[in-house]
Amino acid sequence: MLLEKKIIEKIIETALATGGDFAEVFSEETVTGSIQTVGGLVEKANSRKISGVGIRIAHKLQSVYGYTNSQNPDDLIKLASDLSKSFSDETKTTPIQLGELEIGKKHQVKISPISVKQSEKVELLKKAYQAAKNYDEVIQQVMVGLSEWVQTVVIANSEGRYVSDTRTRIRIGINAIAGKDGVMQTGFEGPGTGKGYEYFFEDVNIETIAKEAARIAKTMLFADECPSGVMPVVIDNQFGGVIFHEACGHSLEATSVAKNASVFCGKLHQQVASPIVTAIDDGTIENAWGSANFDDEGYPQKRRVLIENGILKSYMVDKLNTRRMDHQATGSSRRESYKYSPTSRMSNTYIDNGTSTFEEIISSTEYGLYAKKMGGGSVNPGSGDFNFAVSEGYLIRNGKIAEPVRGASLVGNGAEILWKIDKIANNLDRARGMCGSASGSIPADVGQPTIRVSSITVGGKKGAN
Amino acid sequence: MLFIDKLFEKAKAKGMSDVQVFLTNNSDLSIEVFEGQLEKYEISNSISMVIRGIYQGKMGTYSTEVFDEALIDTIVDNMIDTAKIIDSPDEAIIYAGDKEYHELTDLYNEELNALDVAKKIEKVKALDQLFHQADPHVTIVETMYAEQTKSVLLQNTKGLKLSNKVNSSMLGGQVIVKNENDQRTGFDLIISNDFKDYDIEKLSNTIVTDAVKTLGAKPIPSGQYEIVFDRDALGILLSAFSGIFSAEAVQKGMSLLKGKLNSKIGSDLVTLVDDPFMKKSSRSRSFDDEGVATRYKELIKEGVLTTYLHNLNTAKKDKVSSTGNGFNGTVSAVNLGLLPGQHSKDELIGMIKNGIYVTDVQGAHAGANSVSGDFSLQAMGFVVKDGQIGAPVALITVAGNFIELLQNIEAIGNDVKTGYYGITCPSIKVKPMVVAGL
């Protein structure tokens with residue numbers, strides 16, 4: 001039961017009574033479901049109802065935020081009043097009249113996951129289990145989990161924005177464990193979508209994905225430890241894009257740029273990357289994992305060209321941070337739930353296609369690491385230093401993919417690595433991730449074609465060659 | 001709460017044998033100061049309930065933040081639906097309770113909540129100012145304070161009713177320091193429920209001094225180096241691998257400690273405990289989410305793995321008693337701690353001939369594999385030659401295996417601290433490890 005317009009208007013009026021120059025109401029109703037199977041048996045299943053309201057008031061550079069999961073109008077007006085006490089300019093009345101509710105229409109789903117029978121979902125998970133388990137006798141354990149959430153929000157503010165958006169997400173996680181002689185290695189695949197349950201009929205074959213998780217686990221089981229040192233690294237497409245997300249994306253968010261805390265501060269319209277690099281953050285891709293009709297300040301999501309031919313074109317900026325920056329808001333404001341005040345975040349971020357091919361890149365690399373699958377990573381936006389894990393890697397010898405290696409991690413500096421991208425293939429693809437930062441954990445796509453970084457530090461247990 | 005009574009009544013009427021609710025009520029306050037000004041102020045109150053109920057021997061679960069009695073029918077139907085799809089042979093258990101629960105007295109400090117918000121803001125601003133004054137290299141400062149009061153109530157149809165109230169706060173900050181060629185960050189915080197613990201002079205000085213020392217940090221040549229892990233860095237590592245002690249992970253074949261019970265997994269110096277009664281920890285509890293009394297336990301005693309952590313279900317499978325570690329529907333430690341040794345941190349560093357004093361590791365969520373025990377993590381620190389601290393180091397990785405690390409501990413410090421990740425530990429000195437750099 002989302003808030004009525006009249007009540008929202010009253011909340012905003014109360015919020016502004018002490019001199020605030022901007023007020024916003026974020027009301028949320030979310031239903032989630034999850035099923036976990038271990039060894040092919042359903043072990044846990046859970047449904048959850050999330051409901052609450054967040055109120056934000058801004059006054060110049062200051063902002064106050066409060067939330068509650070009471071939907072009671074009196075409680076909400078009291079919260080707005082409590083928050084407004086942070087400011088004490090003058091007592092004033094700003095009459096607020098919201099227009100017609102604008103409802104987001106893109107990203108429609110055909111089959112809401114909530115409407116699908118539990119037994120049907122269980123069948124899907126068991127199919128995945130069988131496919132992974134039967135892949136090879138070294139596969140000792142398989143966990144398959146399904147999670148889904150349908151979030152409906154109403155966002156209104158003192159500038160008259162009044163919008164509603166429904167975001168549907170489904171994700172399946174397949175974790176295969178291969179073991180032999182006391183050694184265990186894992187393989188993970190985690191496809192997901194901003195579509196409905198039709199995703200499993202139209203887009204992916206669950207058994208193929210499950211086999212892929214098992215294949216990675218088996219490959220890593222028989223892999224040698226990765227050597228360490230500085231070398232060229234070929235990073236494959238899809239989740240390989242996590243390198244741009246971590247190394248550069250976070251440092252282009254207003255969260256760090258507005259406070260002059262990013263290595264990319266003051267670099268707008270300057271060359272920050274090798275001229276072959278074009279990078280985009282696009283929150284409008286239909287039914288993509290990180291898309292939405294509106295951002296979490298109620299403004300339309302957008303396609304943002306961040307870097308074009310190596311030139312920095314745009315930061316990702318939320319409305320409140322425009323007060324600190326000479327930059328327009330870019331529809332980039334996101335938050336996990338009503339429990340977080342929003343800030344600038346990535347949506348679906350990728351490096352655009354280049355002109356090389358995968359084969360060319362491998363064959364032109366005499367020795368190096370081929371990072372076929374990436375794990376997650378992190379960055380310190382203040383120094384730009386980042387790290388991420390390679391979950392499936394191979395050595396490249398004499399222009400050919402050679403033996404598999406495990407346990408590799410890559411470390412580098414975000415500002416430097418962009419200059420070291422010397423080849424970009426033409427096989428752009430994206431993959432799903434969860435991104436954790438100031439405003440919580442949110443779904444975000446990463447992506448890229450296969451790229452080569454001319455030199456980067458590779459950490460592994462085997463030591464220097 | 002009338003909602004609970006009606007829920008129990010309806011669940012029984014629809015054929016559920018037992019039901020339990022776990023209610024959490026959080027009140028939060030957070031304050032952020034930027035460039036001397038109050039930048040962000042947040043207050044909140046939220047209530048959530050996890051409901052578990054047994055239907056035909058299987059456990060159904062539902063979580064809600066809405067407590068409208070009209071919703072009770074939906075909740076019960078939903079729990080029954082989820083119970084129906086469970087086909088693991090695990091026995092569903094709702095617990096009638098233990099005879100005794102440890103009494104925890106100092107987890108809630110009334111004074112903290114009573115203290116005027118203006119005083120708290122003042123303190124954050126004072127810390128902010130100290131940061132700016134501490135060193136000319138300081139350019140950007142973010143100072144924050146966060147406070148939480150958390151009450152939990154567990155109630156079930158077997159007559160068990162338990163509650164707990166804690167409050168806790170943290171004060172800290174992040175600074176960016178710059179010179180002509182480099183930009184580095186420093187961060188730390190103090191966690192307590194007593195405002196008297198906030199020594200802001202010491203906190204600001206330590207953060208800034210430590211950050212300035214890292215300016216100009218560079219990678220060093222790849223190779224094998226002796227390592228001292230600072231307590232903060234060790235806390236991150238221990239936290240990344242804390243899941244391996246869960247009997248649930250062991251039983252599912254997802255822990256590298258499978259089959260290692262009562263065997264030697266670490267150096268004689270290693271004693272690792274779980275202390276649910278630790279003072280000034282907001283996680284401390286006298287009962288777990290299943291209603292089982294928590295207890296102090298040694299997980300590793302002088303290098304020997306003495307127990308896994310259990311909830312009711314894993315204990316039943318292993319024919320032991322629950323260790324009171326059933327949290328959030330799974331098994332986890334409350335306050336994990338590595339017991340201190342004799343040495344000061346300087347003594348540990350003094351033992352290094354050729355090595356690195358590692359002050360921070362990054363990327364543990366991806367670069368540490370709790371199934372294989374392997375890790376390869378980004379690290380920062382200082383070169384150490386013949387016991388003397390030298391140049392700052394960054395952009396290196398330290399790689400190893402968690403079990404090997406436990407075995408390779410040569411000396412343990414006496415400088416215990418509870419870090420941001422909730423692990424209480426001192427610094428340690430370990431045998432050479434593989435480092436990747438230049």
# chains A, B, ... in the order shown; residues from 1 in each chain; ligands from 1
>>> residues_around(residues="A:Ser454", least_positions_apart="2", cutoff="8 Å", atoms="only C-alpha atoms", output="number ranges by chain")
A: 231-233, 420-422, 452, 456
>>> write_last_selection(atoms="N, CA and C atoms", output="PDB file, in the first residue's frame")
ATOM      1  N   MET A 231      52.941  -8.689 -16.026  1.00  0.00           N
ATOM      2  CA  MET A 231      52.829  -9.293 -17.366  1.00  0.00           C
ATOM      3  C   MET A 231      51.613  -8.736 -18.107  1.00  0.00           C
ATOM      4  N   PRO A 232      51.558  -8.968 -19.423  1.00  0.00           N
ATOM      5  CA  PRO A 232      50.339  -8.593 -20.143  1.00  0.00           C
ATOM      6  C   PRO A 232      49.189  -9.513 -19.713  1.00  0.00           C
ATOM      7  N   VAL A 233      47.979  -8.946 -19.631  1.00  0.00           N
ATOM      8  CA  VAL A 233      46.829  -9.754 -19.257  1.00  0.00           C
ATOM      9  C   VAL A 233      45.699  -9.515 -20.256  1.00  0.00           C
ATOM     10  N   LYS A 420      46.869   1.677 -20.344  1.00  0.00           N
ATOM     11  CA  LYS A 420      47.564   0.457 -20.724  1.00  0.00           C
ATOM     12  C   LYS A 420      46.693  -0.522 -21.503  1.00  0.00           C
ATOM     13  N   ILE A 421      45.436  -0.123 -21.751  1.00  0.00           N
ATOM     14  CA  ILE A 421      44.584  -0.994 -22.570  1.00  0.00           C
ATOM     15  C   ILE A 421      45.034  -0.808 -24.006  1.00  0.00           C
ATOM     16  N   ASP A 422      45.686  -1.827 -24.586  1.00  0.00           N
ATOM     17  CA  ASP A 422      46.256  -1.615 -25.921  1.00  0.00           C
ATOM     18  C   ASP A 422      45.520  -2.364 -27.022  1.00  0.00           C
ATOM     19  N   ARG A 452      43.087  -6.257 -23.880  1.00  0.00           N
ATOM     20  CA  ARG A 452      44.411  -6.593 -23.373  1.00  0.00           C
ATOM     21  C   ARG A 452      44.988  -5.403 -22.630  1.00  0.00           C
ATOM     22  N   ILE A 456      50.389  -5.507 -16.060  1.00  0.00           N
ATOM     23  CA  ILE A 456      49.705  -5.340 -14.775  1.00  0.00           C
ATOM     24  C   ILE A 456      50.282  -6.378 -13.812  1.00  0.00           C
TER      25      ILE A 456
END
>>> residues_around(residues="B:Leu339", least_positions_apart="5", cutoff="7 Å", atoms="only C-alpha atoms", output="list in words")
Thr271, Leu272 and Cys425 of chain B
>>> write_last_selection(atoms="N, CA and C atoms", output="JSON list (two decimals), in the first residue's frame")
[["chain", "number", "residue", "atom", "x", "y", "z"],
["B", 271, "THR", "N", 45.27, -19.94, 19.44],
["B", 271, "THR", "CA", 44.02, -20.28, 20.13],
["B", 271, "THR", "C", 42.97, -19.27, 19.68],
["B", 272, "LEU", "N", 41.96, -19.81, 19.02],
["B", 272, "LEU", "CA", 40.91, -18.97, 18.44],
["B", 272, "LEU", "C", 39.61, -19.23, 19.19],
["B", 425, "CYS", "N", 41.65, -9.31, 17.42],
["B", 425, "CYS", "CA", 42.93, -10.02, 17.23],
["B", 425, "CYS", "C", 44.12, -9.09, 17.38]]
>>> closest_atom_pairs(of="chain A", to="chain B", cutoff="7 Å", atoms="only C-alpha atoms", output="CSV")
residue,atom,partner,partner_atom,distance
A:Leu41,CA,B:Ser88,CA,5.0
A:Val42,CA,B:Ile86,CA,4.9
A:Glu43,CA,B:Ser88,CA,5.3
A:Lys44,CA,B:Ile86,CA,6.7
A:Ala45,CA,B:Thr82,CA,5.6
A:Asn46,CA,B:Thr61,CA,5.1
A:Ser47,CA,B:Tyr62,CA,5.0
A:Arg48,CA,B:Ser63,CA,4.5
A:Lys49,CA,B:Thr64,CA,4.7
A:Ile50,CA,B:Glu65,CA,5.4
A:Ser51,CA,B:Glu65,CA,5.9
A:Leu61,CA,B:Glu39,CA,6.6
A:Gln62,CA,B:Glu39,CA,4.5
A:Ser63,CA,B:Lys40,CA,5.0
A:Val64,CA,B:Tyr41,CA,4.5
A:Tyr65,CA,B:Glu42,CA,4.6
A:Gly66,CA,B:Ile43,CA,4.6
A:Tyr67,CA,B:Ser44,CA,4.7
A:Thr68,CA,B:Asn45,CA,5.0
A:Asn69,CA,B:Ser46,CA,5.4
A:Ser119,CA,B:Ile85,CA,6.6
A:Gln141,CA,B:Gly253,CA,6.9
A:Val183,CA,B:Ser372,CA,6.8
A:Met184,CA,B:Ser372,CA,5.2
A:Gln185,CA,B:Ser372,CA,5.8
A:Ser228,CA,B:Ala436,CA,5.2
A:Gly229,CA,B:Ala436,CA,5.4
A:Val230,CA,B:Leu438,CA,5.9
A:Ala261,CA,B:Ile140,CA,6.8
A:Gly375,CA,B:Ala366,CA,5.8
A:Gly376,CA,B:Ala366,CA,4.9
A:Gly377,CA,B:Gly363,CA,5.6
A:Ser378,CA,B:Gly363,CA,5.6
A:Gly382,CA,B:Thr185,CA,6.0
A:Ser383,CA,B:Arg184,CA,5.1
A:Asp385,CA,B:Leu395,CA,7.0
A:Asn387,CA,B:Gln378,CA,6.0
A:Phe388,CA,B:Gly363,CA,6.6
A:Ala389,CA,B:Gly367,CA,5.0
A:Gly407,CA,B:Ser376,CA,6.5
A:Ala408,CA,B:Ser376,CA,6.7
A:Ser409,CA,B:Ser376,CA,5.9
A:Val411,CA,B:Leu395,CA,5.9
A:Gly412,CA,B:Leu395,CA,6.1
A:Thr457,CA,B:Gly437,CA,6.1
A:Val458,CA,B:Ala436,CA,6.6
A:Gly459,CA,B:Ala436,CA,5.0
A:Gly460,CA,B:Ala399,CA,5.9
A:Lys461,CA,B:Ala399,CA,5.1
A:Gly463,CA,B:Val434,CA,5.6
A:Ala464,CA,B:Ser222,CA,6.1
>>> residues_around(residues="A:His245", least_positions_apart="5", cutoff="10 Å", atoms="only C-alpha atoms", output="PyMOL selection string")
chain A and resi 239-240+250-252+281+346+348-351+377-379+414+435+444-447
>>> residues_around(residues="B:Asn408", least_positions_apart="5", cutoff="12 Å", atoms="only C-alpha atoms", output="ChimeraX atom specification")
/B:226-228,265-270,303,400-403,428-433
>>> write_last_selection(atoms="C-alpha atoms", output="PDB file, in the first residue's frame")
ATOM      1  CA  GLU B 226      58.574 -12.651   5.896  1.00  0.00           C
ATOM      2  CA  ILE B 227      55.369 -10.929   6.946  1.00  0.00           C
ATOM      3  CA  VAL B 228      53.987  -9.208   9.998  1.00  0.00           C
ATOM      4  CA  ILE B 265      45.560 -27.223  11.873  1.00  0.00           C
ATOM      5  CA  GLY B 266      47.688 -24.369  13.192  1.00  0.00           C
ATOM      6  CA  SER B 267      50.812 -23.445  15.086  1.00  0.00           C
ATOM      7  CA  ASP B 268      50.869 -24.186  18.856  1.00  0.00           C
ATOM      8  CA  LEU B 269      50.530 -20.457  19.393  1.00  0.00           C
ATOM      9  CA  VAL B 270      47.058 -20.311  17.860  1.00  0.00           C
ATOM     10  CA  GLY B 303      46.666 -25.284  17.113  1.00  0.00           C
ATOM     11  CA  GLY B 400      48.837 -18.127   0.499  1.00  0.00           C
ATOM     12  CA  ASN B 401      46.481 -20.644   2.006  1.00  0.00           C
ATOM     13  CA  PHE B 402      44.602 -19.979   5.222  1.00  0.00           C
ATOM     14  CA  ILE B 403      45.614 -23.261   6.867  1.00  0.00           C
ATOM     15  CA  ILE B 428      51.141 -11.711  14.027  1.00  0.00           C
ATOM     16  CA  LYS B 429      54.493 -12.671  12.502  1.00  0.00           C
ATOM     17  CA  VAL B 430      54.483 -15.413   9.877  1.00  0.00           C
ATOM     18  CA  LYS B 431      57.068 -17.298   7.830  1.00  0.00           C
ATOM     19  CA  PRO B 432      57.831 -16.096   4.287  1.00  0.00           C
ATOM     20  CA  MET B 433      54.915 -15.812   1.881  1.00  0.00           C
TER      21      MET B 433
END
>>> residues_around(residues="B:Ser427", least_positions_apart="2", cutoff="8 Å", atoms="only C-alpha atoms", output="PDB file with all heavy atoms, in the first residue's frame")
ATOM      1  N   VAL B 228      54.766  -9.489   8.789  1.00  0.00           N
ATOM      2  CA  VAL B 228      53.987  -9.208   9.998  1.00  0.00           C
ATOM      3  C   VAL B 228      52.666  -8.631   9.517  1.00  0.00           C
ATOM      4  O   VAL B 228      52.646  -7.625   8.811  1.00  0.00           O
ATOM      5  CB  VAL B 228      54.698  -8.215  10.939  1.00  0.00           C
ATOM      6  CG1 VAL B 228      53.731  -7.680  11.996  1.00  0.00           C
ATOM      7  CG2 VAL B 228      55.883  -8.893  11.635  1.00  0.00           C
ATOM      8  N   PHE B 229      51.567  -9.319   9.856  1.00  0.00           N
ATOM      9  CA  PHE B 229      50.245  -8.776   9.567  1.00  0.00           C
ATOM     10  C   PHE B 229      49.817  -7.922  10.748  1.00  0.00           C
ATOM     11  O   PHE B 229      49.707  -8.412  11.874  1.00  0.00           O
ATOM     12  CB  PHE B 229      49.207  -9.898   9.386  1.00  0.00           C
ATOM     13  CG  PHE B 229      49.291 -10.588   8.053  1.00  0.00           C
ATOM     14  CD1 PHE B 229      49.808 -11.870   7.952  1.00  0.00           C
ATOM     15  CD2 PHE B 229      48.835  -9.965   6.897  1.00  0.00           C
ATOM     16  CE1 PHE B 229      49.874 -12.518   6.723  1.00  0.00           C
ATOM     17  CE2 PHE B 229      48.897 -10.605   5.662  1.00  0.00           C
ATOM     18  CZ  PHE B 229      49.426 -11.878   5.579  1.00  0.00           C
ATOM     19  N   ASP B 230      49.583  -6.657  10.502  1.00  0.00           N
ATOM     20  CA  ASP B 230      49.016  -5.798  11.525  1.00  0.00           C
ATOM     21  C   ASP B 230      47.639  -6.335  11.917  1.00  0.00           C
ATOM     22  O   ASP B 230      46.960  -6.961  11.109  1.00  0.00           O
ATOM     23  CB  ASP B 230      48.887  -4.374  10.991  1.00  0.00           C
ATOM     24  CG  ASP B 230      48.419  -3.431  12.066  1.00  0.00           C
ATOM     25  OD1 ASP B 230      49.253  -3.029  12.882  1.00  0.00           O
ATOM     26  OD2 ASP B 230      47.205  -3.128  12.113  1.00  0.00           O
ATOM     27  N   ARG B 231      47.231  -6.075  13.145  1.00  0.00           N
ATOM     28  CA  ARG B 231      45.939  -6.598  13.638  1.00  0.00           C
ATOM     29  C   ARG B 231      44.763  -6.224  12.727  1.00  0.00           C
ATOM     30  O   ARG B 231      43.840  -7.014  12.555  1.00  0.00           O
ATOM     31  CB  ARG B 231      45.688  -6.106  15.067  1.00  0.00           C
ATOM     32  CG  ARG B 231      45.711  -4.596  15.170  1.00  0.00           C
ATOM     33  CD  ARG B 231      45.785  -4.128  16.601  1.00  0.00           C
ATOM     34  NE  ARG B 231      45.686  -2.668  16.640  1.00  0.00           N
ATOM     35  CZ  ARG B 231      45.712  -1.945  17.723  1.00  0.00           C
ATOM     36  NH1 ARG B 231      45.834  -2.532  18.909  1.00  0.00           N
ATOM     37  NH2 ARG B 231      45.613  -0.643  17.689  1.00  0.00           N
ATOM     38  N   ASP B 232      44.787  -5.032  12.135  1.00  0.00           N
ATOM     39  CA  ASP B 232      43.689  -4.628  11.242  1.00  0.00           C
ATOM     40  C   ASP B 232      43.651  -5.516   9.999  1.00  0.00           C
ATOM     41  O   ASP B 232      42.590  -5.946   9.555  1.00  0.00           O
ATOM     42  CB  ASP B 232      43.838  -3.168  10.811  1.00  0.00           C
ATOM     43  CG  ASP B 232      43.502  -2.206  11.939  1.00  0.00           C
ATOM     44  OD1 ASP B 232      42.687  -2.587  12.812  1.00  0.00           O
ATOM     45  OD2 ASP B 232      44.049  -1.091  11.962  1.00  0.00           O
ATOM     46  N   LEU B 234      45.005  -8.538   9.724  1.00  0.00           N
ATOM     47  CA  LEU B 234      44.684  -9.916  10.124  1.00  0.00           C
ATOM     48  C   LEU B 234      43.171 -10.071  10.354  1.00  0.00           C
ATOM     49  O   LEU B 234      42.583 -11.092  10.006  1.00  0.00           O
ATOM     50  CB  LEU B 234      45.453 -10.300  11.395  1.00  0.00           C
ATOM     51  CG  LEU B 234      45.205 -11.729  11.872  1.00  0.00           C
ATOM     52  CD1 LEU B 234      45.692 -12.745  10.851  1.00  0.00           C
ATOM     53  CD2 LEU B 234      45.862 -11.988  13.224  1.00  0.00           C
ATOM     54  N   LYS B 345      54.099  -5.117  19.146  1.00  0.00           N
ATOM     55  CA  LYS B 345      54.153  -5.082  17.681  1.00  0.00           C
ATOM     56  C   LYS B 345      55.574  -4.775  17.208  1.00  0.00           C
ATOM     57  O   LYS B 345      56.054  -5.346  16.229  1.00  0.00           O
ATOM     58  CB  LYS B 345      53.170  -4.034  17.150  1.00  0.00           C
ATOM     59  CG  LYS B 345      52.958  -4.136  15.659  1.00  0.00           C
ATOM     60  CD  LYS B 345      51.797  -3.299  15.217  1.00  0.00           C
ATOM     61  CE  LYS B 345      52.180  -1.828  15.234  1.00  0.00           C
ATOM     62  NZ  LYS B 345      51.020  -0.958  14.996  1.00  0.00           N
ATOM     63  N   ILE B 412      53.018 -14.128  18.154  1.00  0.00           N
ATOM     64  CA  ILE B 412      51.741 -13.404  18.241  1.00  0.00           C
ATOM     65  C   ILE B 412      51.917 -12.193  19.146  1.00  0.00           C
ATOM     66  O   ILE B 412      52.555 -12.264  20.191  1.00  0.00           O
ATOM     67  CB  ILE B 412      50.628 -14.336  18.760  1.00  0.00           C
ATOM     68  CG1 ILE B 412      50.417 -15.483  17.750  1.00  0.00           C
ATOM     69  CG2 ILE B 412      49.328 -13.579  18.991  1.00  0.00           C
ATOM     70  CD1 ILE B 412      49.197 -16.326  17.974  1.00  0.00           C
ATOM     71  N   GLY B 413      51.347 -11.092  18.717  1.00  0.00           N
ATOM     72  CA  GLY B 413      51.470  -9.839  19.456  1.00  0.00           C
ATOM     73  C   GLY B 413      50.517  -9.753  20.641  1.00  0.00           C
ATOM     74  O   GLY B 413      49.670 -10.624  20.855  1.00  0.00           O
ATOM     75  N   ASN B 414      50.679  -8.682  21.405  1.00  0.00           N
ATOM     76  CA  ASN B 414      49.811  -8.472  22.567  1.00  0.00           C
ATOM     77  C   ASN B 414      48.904  -7.270  22.357  1.00  0.00           C
ATOM     78  O   ASN B 414      48.311  -6.742  23.288  1.00  0.00           O
ATOM     79  CB  ASN B 414      50.666  -8.287  23.829  1.00  0.00           C
ATOM     80  CG  ASN B 414      51.670  -7.149  23.670  1.00  0.00           C
ATOM     81  OD1 ASN B 414      51.566  -6.353  22.737  1.00  0.00           O
ATOM     82  ND2 ASN B 414      52.630  -7.070  24.574  1.00  0.00           N
ATOM     83  N   ASP B 415      48.801  -6.831  21.091  1.00  0.00           N
ATOM     84  CA  ASP B 415      48.110  -5.569  20.801  1.00  0.00           C
ATOM     85  C   ASP B 415      46.678  -5.801  20.304  1.00  0.00           C
ATOM     86  O   ASP B 415      46.281  -5.277  19.267  1.00  0.00           O
ATOM     87  CB  ASP B 415      48.911  -4.779  19.755  1.00  0.00           C
ATOM     88  CG  ASP B 415      49.186  -5.582  18.477  1.00  0.00           C
ATOM     89  OD1 ASP B 415      49.188  -6.834  18.546  1.00  0.00           O
ATOM     90  OD2 ASP B 415      49.380  -4.980  17.410  1.00  0.00           O
ATOM     91  N   VAL B 416      45.891  -6.577  21.018  1.00  0.00           N
ATOM     92  CA  VAL B 416      44.538  -6.913  20.528  1.00  0.00           C
ATOM     93  C   VAL B 416      43.639  -5.696  20.352  1.00  0.00           C
ATOM     94  O   VAL B 416      43.671  -4.753  21.129  1.00  0.00           O
ATOM     95  CB  VAL B 416      43.762  -7.883  21.456  1.00  0.00           C
ATOM     96  CG1 VAL B 416      44.044  -9.309  21.129  1.00  0.00           C
ATOM     97  CG2 VAL B 416      43.978  -7.542  22.893  1.00  0.00           C
ATOM     98  N   CYS B 425      41.648  -9.315  17.417  1.00  0.00           N
ATOM     99  CA  CYS B 425      42.928 -10.021  17.229  1.00  0.00           C
ATOM    100  C   CYS B 425      44.116  -9.093  17.384  1.00  0.00           C
ATOM    101  O   CYS B 425      43.995  -7.884  17.266  1.00  0.00           O
ATOM    102  CB  CYS B 425      42.949 -10.716  15.864  1.00  0.00           C
ATOM    103  SG  CYS B 425      42.929  -9.587  14.474  1.00  0.00           S
ATOM    104  N   LYS B 429      53.330 -12.516  13.375  1.00  0.00           N
ATOM    105  CA  LYS B 429      54.493 -12.671  12.502  1.00  0.00           C
ATOM    106  C   LYS B 429      54.431 -14.060  11.882  1.00  0.00           C
ATOM    107  O   LYS B 429      54.254 -15.052  12.589  1.00  0.00           O
ATOM    108  CB  LYS B 429      55.766 -12.522  13.343  1.00  0.00           C
ATOM    109  CG  LYS B 429      57.032 -13.177  12.802  1.00  0.00           C
ATOM    110  CD  LYS B 429      57.747 -12.286  11.796  1.00  0.00           C
ATOM    111  CE  LYS B 429      59.101 -12.845  11.364  1.00  0.00           C
ATOM    112  NZ  LYS B 429      59.060 -14.109  10.639  1.00  0.00           N
TER     113      LYS B 429
END
>>> residues_around(residues="A:Asn321", least_positions_apart="3", cutoff="12 Å", atoms="only C-alpha atoms", output="number ranges by chain")
A: 58, 60-63, 253-260, 297, 315-318, 324-333, 342-345; B: 39
>>> residues_around(residues="stretch 388-393 of chain B", least_positions_apart="5", cutoff="7 Å", atoms="only C-alpha atoms", output="ChimeraX atom specification")
/B:213-214,216-220,350,380-383
>>> write_last_selection(atoms="N, CA and C atoms", output="short mmCIF file (atom, residue, chain, number, x, y, z; two decimals), in the first residue's frame")
data_model
loop_
_atom_site.label_atom_id
_atom_site.label_comp_id
_atom_site.auth_asym_id
_atom_site.auth_seq_id
_atom_site.Cartn_x
_atom_site.Cartn_y
_atom_site.Cartn_z
N LYS B 213 52.61 8.48 6.35
CA LYS B 213 53.73 7.54 6.18
C LYS B 213 53.61 6.72 4.90
N THR B 214 52.39 6.57 4.37
CA THR B 214 52.22 5.73 3.17
C THR B 214 52.43 6.51 1.87
N GLY B 216 53.91 7.97 -1.28
CA GLY B 216 55.04 7.50 -2.07
C GLY B 216 55.15 5.99 -2.09
N ALA B 217 54.13 5.29 -1.59
CA ALA B 217 54.17 3.83 -1.56
C ALA B 217 54.26 3.27 -2.97
N LYS B 218 55.09 2.25 -3.13
CA LYS B 218 55.33 1.66 -4.45
C LYS B 218 55.43 0.14 -4.32
N PRO B 219 55.23 -0.55 -5.42
CA PRO B 219 55.45 -2.00 -5.36
C PRO B 219 56.93 -2.33 -5.17
N ILE B 220 57.20 -3.51 -4.64
CA ILE B 220 58.57 -3.98 -4.51
C ILE B 220 58.73 -5.22 -5.41
N GLY B 350 60.62 -6.39 14.68
CA GLY B 350 62.05 -6.59 14.93
C GLY B 350 62.55 -7.98 14.56
N MET B 380 49.02 -3.46 1.48
CA MET B 380 49.81 -2.24 1.67
C MET B 380 50.64 -2.41 2.92
N GLY B 381 51.71 -1.69 3.03
CA GLY B 381 52.51 -1.78 4.24
C GLY B 381 53.85 -1.11 4.07
N PHE B 382 54.85 -1.70 4.74
CA PHE B 382 56.19 -1.11 4.73
C PHE B 382 57.24 -2.20 4.58
N VAL B 383 58.28 -1.88 3.87
CA VAL B 383 59.43 -2.77 3.78
C VAL B 383 60.07 -2.86 5.17
#
>>> select_by_dssp(residues="stretch 225-277 of chain B", states="strand (DSSP E or B)", output="list in words")
Tyr225, Glu226, Ile227, Val228, Phe229, Ser246, Lys264, Leu272, Val273 and Asp274 of chain B
